[in-house]
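Content type mmCIF, C-alpha atoms, from the file data_11.cif:
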```cif
data_entry
loop_
_atom_site.group_PDB
_atom_site.id
_atom_site.type_symbol
_atom_site.label_atom_id
_atom_site.label_comp_id
_atom_site.auth_asym_id
_atom_site.auth_seq_id
_atom_site.Cartn_x
_atom_site.Cartn_y
_atom_site.Cartn_z
ATOM 1 C CA MET A 1 55.364 -10.441 -26.881
ATOM 2 C CA THR A 2 53.106 -9.027 -24.163
ATOM 3 C CA ILE A 3 51.451 -5.648 -24.797
ATOM 4 C CA ASN A 4 49.786 -3.783 -21.936
ATOM 5 C CA TYR A 5 47.902 -0.505 -21.905
ATOM 6 C CA VAL A 6 48.420 2.287 -19.376
ATOM 7 C CA VAL A 7 45.698 4.946 -19.333
ATOM 8 C CA VAL A 8 46.782 8.373 -18.092
ATOM 9 C CA PRO A 9 43.895 10.896 -18.253
ATOM 10 C CA GLN A 10 46.183 13.887 -17.712
ATOM 11 C CA TRP A 11 44.883 17.271 -18.850
ATOM 12 C CA GLN A 12 47.299 19.573 -17.022
ATOM 13 C CA GLY A 13 49.806 19.715 -19.882
ATOM 14 C CA SER A 14 47.271 21.016 -22.371
ATOM 15 C CA GLY A 15 46.788 24.618 -23.420
ATOM 16 C CA SER A 16 43.525 23.918 -25.226
ATOM 17 C CA SER A 17 40.150 25.250 -24.119
ATOM 18 C CA ARG A 18 39.041 21.609 -24.324
ATOM 19 C CA ALA A 19 41.738 20.379 -21.931
ATOM 20 C CA MET A 20 39.313 18.857 -19.430
ATOM 21 C CA GLN A 21 37.736 16.817 -22.217
ATOM 22 C CA LEU A 22 40.984 14.868 -22.472
ATOM 23 C CA VAL A 23 39.853 13.073 -19.320
ATOM 24 C CA ASP A 24 36.657 11.958 -21.093
ATOM 25 C CA GLY A 25 38.691 10.973 -24.133
ATOM 26 C CA ALA A 26 41.019 8.747 -22.117
ATOM 27 C CA GLU A 27 38.084 7.159 -20.300
ATOM 28 C CA SER A 28 36.332 6.518 -23.602
ATOM 29 C CA ILE A 29 39.364 4.692 -24.991
ATOM 30 C CA ARG A 30 39.829 2.755 -21.749
ATOM 31 C CA GLY A 31 36.337 1.332 -22.113
ATOM 32 C CA ASP A 32 37.367 -0.381 -25.354
ATOM 33 C CA LEU A 33 40.605 -1.904 -24.042
ATOM 34 C CA PRO A 34 40.969 -5.432 -22.645
ATOM 35 C CA SER A 35 40.547 -4.933 -18.901
ATOM 36 C CA ALA A 36 43.032 -7.632 -17.923
ATOM 37 C CA LEU A 37 45.774 -5.852 -19.860
ATOM 38 C CA THR A 38 44.939 -2.298 -18.795
ATOM 39 C CA ARG A 39 45.753 -0.177 -15.781
ATOM 40 C CA THR A 40 44.968 3.459 -15.043
ATOM 41 C CA VAL A 41 47.301 6.015 -13.474
ATOM 42 C CA ASP A 42 45.557 8.414 -11.108
ATOM 43 C CA ILE A 43 46.017 12.098 -11.851
ATOM 44 C CA PRO A 44 45.851 14.936 -9.307
ATOM 45 C CA LEU A 45 42.561 16.729 -8.815
ATOM 46 C CA GLU A 46 44.314 20.090 -8.672
ATOM 47 C CA ALA A 47 45.678 21.952 -11.672
ATOM 48 C CA GLY A 48 49.078 22.484 -10.054
ATOM 49 C CA ASP A 49 51.382 25.508 -10.213
ATOM 50 C CA HIS A 50 54.451 26.477 -12.228
ATOM 51 C CA GLN A 51 56.896 26.618 -9.277
ATOM 52 C CA GLY A 52 58.994 29.195 -11.093
ATOM 53 C CA THR A 53 59.717 26.944 -14.076
ATOM 54 C CA GLY A 54 57.634 28.770 -16.689
ATOM 55 C CA VAL A 55 55.743 25.522 -17.281
ATOM 56 C CA HIS A 56 52.079 25.852 -16.384
ATOM 57 C CA ARG A 57 50.756 23.291 -13.858
ATOM 58 C CA TYR A 58 54.301 21.962 -13.408
ATOM 59 C CA SER A 59 53.742 20.422 -9.968
ATOM 60 C CA SER A 60 50.921 18.192 -11.219
ATOM 61 C CA LEU A 61 52.867 17.214 -14.318
ATOM 62 C CA LEU A 62 55.795 16.136 -12.156
ATOM 63 C CA LEU A 63 53.511 14.047 -9.949
ATOM 64 C CA VAL A 64 51.913 12.279 -12.906
ATOM 65 C CA ARG A 65 55.347 11.668 -14.447
ATOM 66 C CA ASP A 66 56.465 9.927 -11.265
ATOM 67 C CA ARG A 67 53.287 7.848 -11.002
ATOM 68 C CA LEU A 68 53.571 6.727 -14.627
ATOM 69 C CA ARG A 69 57.252 5.880 -14.141
ATOM 70 C CA HIS A 70 56.227 3.596 -11.294
ATOM 71 C CA ALA A 71 53.439 1.948 -13.296
ATOM 72 C CA LEU A 72 55.739 1.255 -16.247
ATOM 73 C CA ALA A 73 58.489 -0.139 -14.036
ATOM 74 C CA GLU A 74 56.006 -2.449 -12.318
ATOM 75 C CA GLY A 75 54.747 -3.672 -15.681
ATOM 76 C CA THR A 76 58.239 -4.428 -16.906
ATOM 77 C CA GLU A 77 59.051 -6.308 -13.701
ATOM 78 C CA ALA A 78 55.880 -8.352 -14.255
ATOM 79 C CA GLY A 79 57.064 -9.392 -17.729
ATOM 80 C CA VAL A 80 55.364 -6.829 -19.969
ATOM 81 C CA ASP A 81 57.395 -6.377 -23.150
ATOM 82 C CA THR A 82 55.663 -3.303 -24.567
ATOM 83 C CA HIS A 83 53.498 -0.570 -23.081
ATOM 84 C CA VAL A 84 50.976 1.465 -25.038
ATOM 85 C CA THR A 85 50.300 4.672 -23.119
ATOM 86 C CA ILE A 86 46.892 6.272 -23.564
ATOM 87 C CA GLY A 87 46.557 9.991 -22.801
ATOM 88 C CA GLY A 88 45.551 12.543 -21.854
ATOM 89 C CA ASP A 89 47.748 15.249 -23.290
ATOM 90 C CA CYS A 90 51.120 14.689 -24.952
ATOM 91 C CA GLY A 91 52.898 15.223 -21.645
ATOM 92 C CA VAL A 92 52.232 11.584 -20.736
ATOM 93 C CA GLU A 93 54.931 10.660 -23.253
ATOM 94 C CA LEU A 94 57.595 12.110 -20.972
ATOM 95 C CA ALA A 95 57.710 9.044 -18.722
ATOM 96 C CA ALA A 96 56.672 6.613 -21.453
ATOM 97 C CA ILE A 97 59.549 7.457 -23.795
ATOM 98 C CA GLU A 98 62.011 7.882 -20.925
ATOM 99 C CA HIS A 99 61.153 4.292 -19.960
ATOM 100 C CA VAL A 100 62.698 3.015 -23.220
ATOM 101 C CA SER A 101 65.115 5.817 -24.171
ATOM 102 C CA ALA A 102 68.237 3.995 -22.987
ATOM 103 C CA SER A 103 67.757 1.477 -25.827
ATOM 104 C CA GLU A 104 67.796 4.408 -28.287
ATOM 105 C CA PRO A 105 64.791 3.529 -30.463
ATOM 106 C CA ALA A 106 63.726 5.675 -33.361
ATOM 107 C CA VAL A 107 61.020 8.019 -32.032
ATOM 108 C CA VAL A 108 58.363 8.693 -34.645
ATOM 109 C CA TRP A 109 56.516 11.824 -33.509
ATOM 110 C CA LEU A 110 53.186 11.675 -35.364
ATOM 111 C CA ASP A 111 51.700 15.050 -34.557
ATOM 112 C CA ALA A 112 50.408 18.212 -36.201
ATOM 113 C CA HIS A 113 52.832 20.111 -33.938
ATOM 114 C CA PRO A 114 56.523 19.389 -33.268
ATOM 115 C CA ASP A 115 56.263 20.164 -29.507
ATOM 116 C CA LEU A 116 59.771 21.600 -29.559
ATOM 117 C CA HIS A 117 59.348 24.742 -27.470
ATOM 118 C CA THR A 118 61.145 25.551 -24.242
ATOM 119 C CA ALA A 119 59.578 27.531 -21.408
ATOM 120 C CA ALA A 120 61.412 30.574 -22.779
ATOM 121 C CA THR A 121 59.975 30.302 -26.300
ATOM 122 C CA SER A 122 56.504 28.883 -25.620
ATOM 123 C CA PRO A 123 53.709 31.373 -26.323
ATOM 124 C CA SER A 124 51.346 29.526 -23.949
ATOM 125 C CA GLY A 125 53.437 27.939 -21.197
ATOM 126 C CA ALA A 126 51.578 24.673 -21.804
ATOM 127 C CA PHE A 127 53.830 21.643 -21.461
ATOM 128 C CA THR A 128 52.243 19.808 -24.377
ATOM 129 C CA GLY A 129 54.199 22.134 -26.665
ATOM 130 C CA MET A 130 57.500 21.369 -24.889
ATOM 131 C CA VAL A 131 57.394 17.596 -24.491
ATOM 132 C CA LEU A 132 59.701 16.516 -27.293
ATOM 133 C CA ARG A 133 62.233 19.285 -26.568
ATOM 134 C CA THR A 134 62.340 18.105 -22.943
ATOM 135 C CA LEU A 135 62.850 14.511 -24.051
ATOM 136 C CA LEU A 136 65.738 15.763 -26.191
ATOM 137 C CA GLY A 137 67.367 17.153 -23.064
ATOM 138 C CA GLU A 138 66.230 20.792 -22.843
ATOM 139 C CA GLY A 139 63.654 21.581 -20.177
ATOM 140 C CA PRO A 140 63.213 21.936 -16.420
ATOM 141 C CA PRO A 141 65.969 19.782 -14.857
ATOM 142 C CA GLU A 142 63.529 17.598 -12.912
ATOM 143 C CA LEU A 143 61.682 16.706 -16.128
ATOM 144 C CA VAL A 144 64.651 16.002 -18.411
ATOM 145 C CA PRO A 145 65.175 12.221 -18.694
ATOM 146 C CA ALA A 146 68.352 10.603 -17.454
ATOM 147 C CA HIS A 147 68.963 9.334 -20.980
ATOM 148 C CA PRO A 148 67.714 12.028 -23.401
ATOM 149 C CA VAL A 149 66.520 11.067 -26.854
ATOM 150 C CA ARG A 150 69.029 11.626 -29.660
ATOM 151 C CA ALA A 151 67.949 14.150 -32.293
ATOM 152 C CA ASP A 152 69.162 11.856 -35.068
ATOM 153 C CA ARG A 153 66.714 9.196 -33.857
ATOM 154 C CA VAL A 154 63.656 11.494 -34.119
ATOM 155 C CA ILE A 155 61.273 11.688 -37.074
ATOM 156 C CA LEU A 156 58.616 14.411 -37.136
ATOM 157 C CA ALA A 157 55.759 12.956 -39.182
ATOM 158 C CA GLY A 158 52.598 14.769 -40.226
ATOM 159 C CA VAL A 159 53.800 18.047 -38.672
ATOM 160 C CA ARG A 160 52.233 21.112 -40.292
ATOM 161 C CA SER A 161 52.010 23.805 -37.598
ATOM 162 C CA VAL A 162 55.503 24.968 -36.651
ATOM 163 C CA ASP A 163 56.432 28.149 -34.788
ATOM 164 C CA ILE A 164 59.537 30.136 -35.710
ATOM 165 C CA ALA A 165 61.525 29.049 -32.637
ATOM 166 C CA GLU A 166 60.690 25.415 -33.351
ATOM 167 C CA ASP A 167 61.653 25.759 -37.004
ATOM 168 C CA ASP A 168 65.015 27.220 -35.987
ATOM 169 C CA TYR A 169 65.642 24.292 -33.647
ATOM 170 C CA ILE A 170 64.690 21.746 -36.305
ATOM 171 C CA GLY A 171 67.179 23.314 -38.698
ATOM 172 C CA GLN A 172 69.958 23.333 -36.116
ATOM 173 C CA SER A 173 69.352 19.819 -34.802
ATOM 174 C CA GLY A 174 68.897 18.084 -38.131
ATOM 175 C CA ILE A 175 65.719 16.301 -37.015
ATOM 176 C CA ARG A 176 64.083 14.481 -39.911
ATOM 177 C CA MET A 177 60.679 15.714 -41.099
ATOM 178 C CA LEU A 178 58.043 13.929 -43.132
ATOM 179 C CA GLY A 179 55.096 16.151 -44.041
ATOM 180 C CA PRO A 180 51.527 14.966 -44.612
ATOM 181 C CA VAL A 181 51.800 15.175 -48.398
ATOM 182 C CA ASP A 182 54.872 12.922 -48.490
ATOM 183 C CA PHE A 183 53.752 10.565 -45.731
ATOM 184 C CA SER A 184 53.233 6.891 -46.552
ATOM 185 C CA ALA A 185 54.255 3.502 -45.224
ATOM 186 C CA GLU A 186 57.178 3.463 -47.636
ATOM 187 C CA THR A 187 58.515 6.932 -46.834
ATOM 188 C CA LEU A 188 58.178 6.324 -43.093
ATOM 189 C CA LEU A 189 60.095 3.055 -43.300
ATOM 190 C CA GLU A 190 62.828 4.814 -45.282
ATOM 191 C CA ALA A 191 63.080 7.558 -42.641
ATOM 192 C CA ILE A 192 63.309 5.010 -39.814
ATOM 193 C CA ALA A 193 65.999 3.054 -41.648
ATOM 194 C CA ALA A 194 68.023 6.264 -42.006
ATOM 195 C CA THR A 195 68.148 6.672 -38.214
ATOM 196 C CA GLY A 196 70.011 3.383 -37.814
ATOM 197 C CA ALA A 197 67.730 2.356 -34.945
ATOM 198 C CA ASP A 198 66.704 -1.259 -34.471
ATOM 199 C CA SER A 199 63.412 -0.564 -32.660
ATOM 200 C CA VAL A 200 60.701 2.122 -32.817
ATOM 201 C CA TYR A 201 58.579 4.156 -30.441
ATOM 202 C CA LEU A 202 55.400 5.484 -32.081
ATOM 203 C CA HIS A 203 53.882 8.646 -30.615
ATOM 204 C CA VAL A 204 50.428 9.332 -32.059
ATOM 205 C CA ASP A 205 48.882 12.676 -31.228
ATOM 206 C CA LEU A 206 45.472 12.294 -32.824
ATOM 207 C CA ASP A 207 45.684 15.800 -34.291
ATOM 208 C CA VAL A 208 48.074 14.303 -36.848
ATOM 209 C CA LEU A 209 44.865 13.147 -38.523
ATOM 210 C CA ASP A 210 42.901 15.331 -40.887
ATOM 211 C CA PRO A 211 40.127 17.008 -38.847
ATOM 212 C CA ALA A 212 37.740 16.315 -41.710
ATOM 213 C CA ASP A 213 38.037 12.630 -40.750
ATOM 214 C CA PHE A 214 38.385 12.935 -36.962
ATOM 215 C CA ALA A 215 36.409 15.406 -34.860
ATOM 216 C CA GLY A 216 37.577 14.921 -31.257
ATOM 217 C CA LEU A 217 40.549 17.285 -31.302
ATOM 218 C CA GLY A 218 41.396 20.173 -29.034
ATOM 219 C CA SER A 219 43.865 21.720 -31.505
ATOM 220 C CA PRO A 220 42.819 20.659 -35.014
ATOM 221 C CA VAL A 221 45.029 21.612 -37.959
ATOM 222 C CA PRO A 222 43.738 21.216 -41.535
ATOM 223 C CA PHE A 223 45.287 18.970 -44.178
ATOM 224 C CA GLY A 224 46.405 16.133 -41.945
ATOM 225 C CA ILE A 225 47.045 12.480 -42.680
ATOM 226 C CA GLU A 226 44.110 10.282 -43.645
ATOM 227 C CA ALA A 227 43.318 7.631 -41.042
ATOM 228 C CA GLY A 228 43.713 4.722 -43.441
ATOM 229 C CA VAL A 229 47.151 5.930 -44.544
ATOM 230 C CA LEU A 230 48.298 6.281 -40.927
ATOM 231 C CA ILE A 231 47.025 2.835 -39.973
ATOM 232 C CA ASP A 232 48.723 1.211 -42.968
ATOM 233 C CA ALA A 233 51.993 2.935 -42.034
ATOM 234 C CA ILE A 234 51.815 1.759 -38.417
ATOM 235 C CA ARG A 235 51.178 -1.814 -39.524
ATOM 236 C CA ALA A 236 54.155 -1.643 -41.879
ATOM 237 C CA VAL A 237 56.437 -0.301 -39.155
ATOM 238 C CA VAL A 238 55.522 -2.899 -36.528
ATOM 239 C CA ALA A 239 55.810 -5.664 -39.115
ATOM 240 C CA LYS A 240 59.449 -4.693 -39.715
ATOM 241 C CA TYR A 241 60.693 -3.314 -36.380
ATOM 242 C CA PRO A 242 60.288 -4.309 -32.727
ATOM 243 C CA LEU A 243 57.884 -1.893 -31.038
ATOM 244 C CA ALA A 244 59.680 -0.296 -28.093
ATOM 245 C CA GLY A 245 56.433 1.355 -27.046
ATOM 246 C CA ALA A 246 53.684 3.633 -28.270
ATOM 247 C CA GLY A 247 51.376 6.391 -27.140
ATOM 248 C CA ILE A 248 47.975 7.633 -28.279
ATOM 249 C CA THR A 249 47.200 11.123 -27.005
ATOM 250 C CA GLU A 250 44.989 14.205 -27.254
ATOM 251 C CA PHE A 251 41.541 12.667 -27.748
ATOM 252 C CA ALA A 252 39.205 15.507 -26.703
ATOM 253 C CA PRO A 253 35.652 14.613 -27.763
ATOM 254 C CA ALA A 254 32.998 17.308 -27.458
ATOM 255 C CA SER A 255 30.975 14.869 -25.329
ATOM 256 C CA MET A 256 31.007 11.208 -24.370
ATOM 257 C CA ALA A 257 28.261 10.681 -26.940
ATOM 258 C CA ALA A 258 30.392 12.341 -29.617
ATOM 259 C CA ALA A 259 33.324 10.085 -28.714
ATOM 260 C CA VAL A 260 31.464 7.181 -30.289
ATOM 261 C CA ASP A 261 31.872 8.720 -33.743
ATOM 262 C CA ASP A 262 35.676 8.665 -33.480
ATOM 263 C CA SER A 263 35.972 5.322 -31.694
ATOM 264 C CA PRO A 264 36.270 3.179 -34.856
ATOM 265 C CA THR A 265 39.370 5.096 -35.948
ATOM 266 C CA ILE A 266 40.980 4.800 -32.518
ATOM 267 C CA LEU A 267 40.206 1.080 -32.382
ATOM 268 C CA ARG A 268 41.854 0.588 -35.760
ATOM 269 C CA LEU A 269 44.954 2.429 -34.519
ATOM 270 C CA ILE A 270 45.086 0.244 -31.428
ATOM 271 C CA GLY A 271 44.625 -2.829 -33.590
ATOM 272 C CA ALA A 272 47.538 -1.763 -35.787
ATOM 273 C CA LEU A 273 49.780 -1.303 -32.739
ATOM 274 C CA ALA A 274 48.637 -4.601 -31.221
ATOM 275 C CA SER A 275 49.587 -6.403 -34.429
ATOM 276 C CA ALA A 276 53.199 -5.932 -33.308
ATOM 277 C CA GLY A 277 52.717 -8.818 -30.909
ATOM 278 C CA SER A 278 51.165 -11.190 -33.424
ATOM 279 C CA HIS A 279 54.499 -11.988 -35.100
ATOM 280 C CA SER A 280 55.736 -13.856 -32.029
ATOM 281 C CA ARG A 281 52.468 -14.864 -30.378
ATOM 282 C CA GLY A 282 50.745 -16.490 -33.318
ATOM 283 C CA SER A 283 47.202 -17.448 -32.448
ATOM 284 C CA SER A 284 47.602 -16.884 -28.693
ATOM 285 C CA ALA A 285 47.564 -13.095 -28.805
ATOM 286 C CA THR A 286 47.365 -11.213 -25.532
ATOM 287 C CA ALA A 287 45.650 -8.221 -27.080
ATOM 288 C CA THR A 288 42.815 -8.232 -29.572
ATOM 289 C CA ASP A 289 43.361 -6.838 -33.039
ATOM 290 C CA THR A 290 40.386 -4.554 -33.072
ATOM 291 C CA GLU A 291 40.331 -3.667 -36.722
#
```

Could you write out this structure as structure tokens?
Amino acid sequence: MTINYVVVPQWQGSGSSRAMQLVDGAESIRGDLPSALTRTVDIPLEAGDHQGTGVHRYSSLLLVRDRLRHALAEGTEAGVDTHVTIGGDCGVELAAIEHVSASEPAVVWLDAHPDLHTAATSPSGAFTGMVLRTLLGEGPPELVPAHPVRADRVILAGVRSVDIAEDDYIGQSGIRMLGPVDFSAETLLEAIAATGADSVYLHVDLDVLDPADFAGLGSPVPFGIEAGVLIDAIRAVVAKYPLAGAGITEFAPASMAAAVDDSPTILRLIGALASAGSHSRGSSATATDTE
């Protein structure tokens, strides 16, 4: 299995006061990735406008979506089996998950927030809070994927900050939830098995982690998952299921110097994801297990 990394330093989907630091976060992660297996998607210099959609910076988000679509398609044509997308804000997952949605993998949404708003319910207008709802088929028509994700294939894991409109949607859709207290490798595997999917996409918004263990977050929420528990769960998942793809998003270090403090945790996460390829590659891995 060939795993490649696509770095997308998008900040336009964020509603955080630290949005611009997502660019530094993506660049920091890129510096630790194998250069031969990594490409970067250019993002617009301008913020972009909403174009009447209710989604802030919509025009730039649409442009980045199209550029990432192209990069992923090129990688697949070149023989890449699995892409790991590095954000940037959670909006980068729009193209990344759309790229594999036709195969209907289980989508494990590891995030402090469910990102299930629409433009009508969002208190901020920031797309990062609407990404999963758009992937499920409800959003601006140009952003909704051709093959929306099925609600019964979604697992919200580590979520602990849910708005009323999102809670209502979760109840109506029947999306599975796995809170931080109940989260473990075993409970996650059970939840994936219940979806009936035969592959998995892992979305990791770094704010799923407990902010006591990880500082570089634009929207920290207390009482998250411990890094070691998350890493063990990822390793267990990729040992049992083919990895359809993965994303690591929302790294917003206070400074490039501060990014160094969080780098070991990110490298361990990348190592856990890269271990998906080791089952078929043996000793000739194409990506280094960095743990």

Task: Surrounding residues of Arg65 (chain A) excluding itself and chain neighbours under 4 positions, 8 Å, only C-alpha atoms, as a list in words - done: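 These residues fall inside the cut-off: Leu61, Arg69, Val92, Leu94 and Ala95 of chain A.
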
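Atom pair CA of Gly247 (chain A) / CA of Ala102 (chain A) has a distance of 17.5 Å (rounded to one decimal).
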
TODO: May I have the residues within 12 Å of Asp182 (chain A) as an NGL selection string, using all atoms listed in the file and disregarding those fewer than 3 positions away in the same chain?
DONE: :A and (157-160 or 177-179 or 185-188 or 190-191 or 224-225 or 229)

Task: Separation of CA of Pro148 (chain A) from CA of His113 (chain A), in Å and rounded to one decimal - done: 19.9 Å

Task: Of the listed residues A:Asp32, A:Ala246, A:Ala151, A:Val6, that which approaches Glu138 (chain A) most closely, counting only C-alpha atoms - done: A:Ala151

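Coordinates place CA of Arg268 (chain A) at a distance of 14.7 Å from CA of Gly31 (chain A).
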